[in-house]
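See structure below.
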Amino acid sequence: MSFEIHNQTRPDGLYCFTSRPRPAEKPAKYRKDPLTLSHAKYGKITYDRHAVRGSMFDQHASTLSEIQRLFESRRAVAATKYGREHSSTPEPVHGRKNMDVQTELYLEELSDVIETTDSGCQTDAFLDRPATPLFVPAKTGKDVATQIEDGELFDFDSEVQPLLEVLVGKTIEQSLLEVMEEEEVASLKAQQKYYEDLRHAELAEVQRLREQERRRIAERKRRMVEQKKVLEEQHEFAKKITAQAFTRRYLDGVIPSAFTSLREKGFFFDPVKRDIETNFMPCLMKETMKMLEKREAVRLLLDTIIYEVAQNN
């Protein structure tokens with residue numbers, strides 16, 4: 001993109017500047033470097049670095065010196081603030097105070113005396129402010145008078161009678177309206193109370209009918225449960241009777257054969273014989289074995305004694 005700048009001097013000696021119009025530049029997506037902003041082509045003379053009065057070198061030098069001076073002043077302020085914060089004397093404890101003392105290796109006498117002078121001035125005496133005069137507005141207009149003849153003023157008794165009639169009539173009418181309104185309100189309250197009592201009676205009747213219906217439903221359910229239970233018991237009783245009849249019919253031929261088989265197998269026995277075999281005979285055999293063991297022991301002992309006697313002789 002290019003544009004033209006024309007600097008010329010008018011015939012009357014004044015400076016004139018003209019430039020060819022151009023479209024606006026598209027803004028960059030990212031921030032540009034401040035050093036590259038000086039290369040932008042501006043269309044206004046106030047932003048054009050070529051249209052200046054004086055040397056550009058002097059202008060840049062002055063700008064750099066101002067920036068350097070600003071940085072130095074900021075650095076000095078920061079150093080002063082840092083020194084004040086980190087080297088200030090702490091506050092004294094209770095009962096003591098800070099004093100300026102010499103901390104050098106060799107003490108020296110301080111003989112400098114600061115010269116001081118006293119001066120004063122006398123002001124004028126205070127004068128009281130005079131009292132503010134009263135404000136009297138200026139008179140405006142003209143003085144006039146009115147002449148009232150006899151009969152021109154109204155008669156109070158004759159003029160006030162219609163007003164009183166209107167006021168009394170209106171008051172009586174308003175009183176009658178209020179009385180009628182009170183009677184109507186009383187009638188409405190009585191009618192409302194009647195309807196409320198009727199509604200309460202209807203609600204009580206509905207509640208009674210609901211309770212009656214609930215009891216009827218509960219009674220019907222209870223009867224149904226009882227009837228179902230009776231039917232189940234009858235069915236169970238019928239099943240038991242059927243099973244009993246079937247069992248009796250089945251056992252009519254089984255019992256004789258079962259007793260015969262048990263008798264053949266020895267389940268039916270003589271109690272006396274079984275008692276002798278199970279109780280008496282085992283006990284008798286046990287006592288007999290004990291007696292035989294004792295006789296055998298006595299015989300062995302006798303043989304031992306006889307053998308020892310024979311050996312000794």
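Residue numbering restarts at 1 in every chain; chains get A, B, ... in the order shown in the structure tokens, and ligands count up from 1 in that same order.
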
DSSP on the backbone, alpha helix (DSSP H) only: what residues of region 65-122 of chain A does that give? Format it as a list in words.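 Matching residues, listed in order: Ser65, Glu66, Ile67, Gln68, Arg69, Leu70, Phe71, Glu72, Ser73, Arg74, Arg75, Ala76, Val77, Ala78, Ala79, Thr80, Lys81, Tyr82, Gly83, Arg84, Glu85, His86 and Ser87 of chain A.
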
Just give me the gap between CA of Pro271 (chain A) and CA of Glu287 (chain A) in Å, one decimal is fine. 23.4 Å
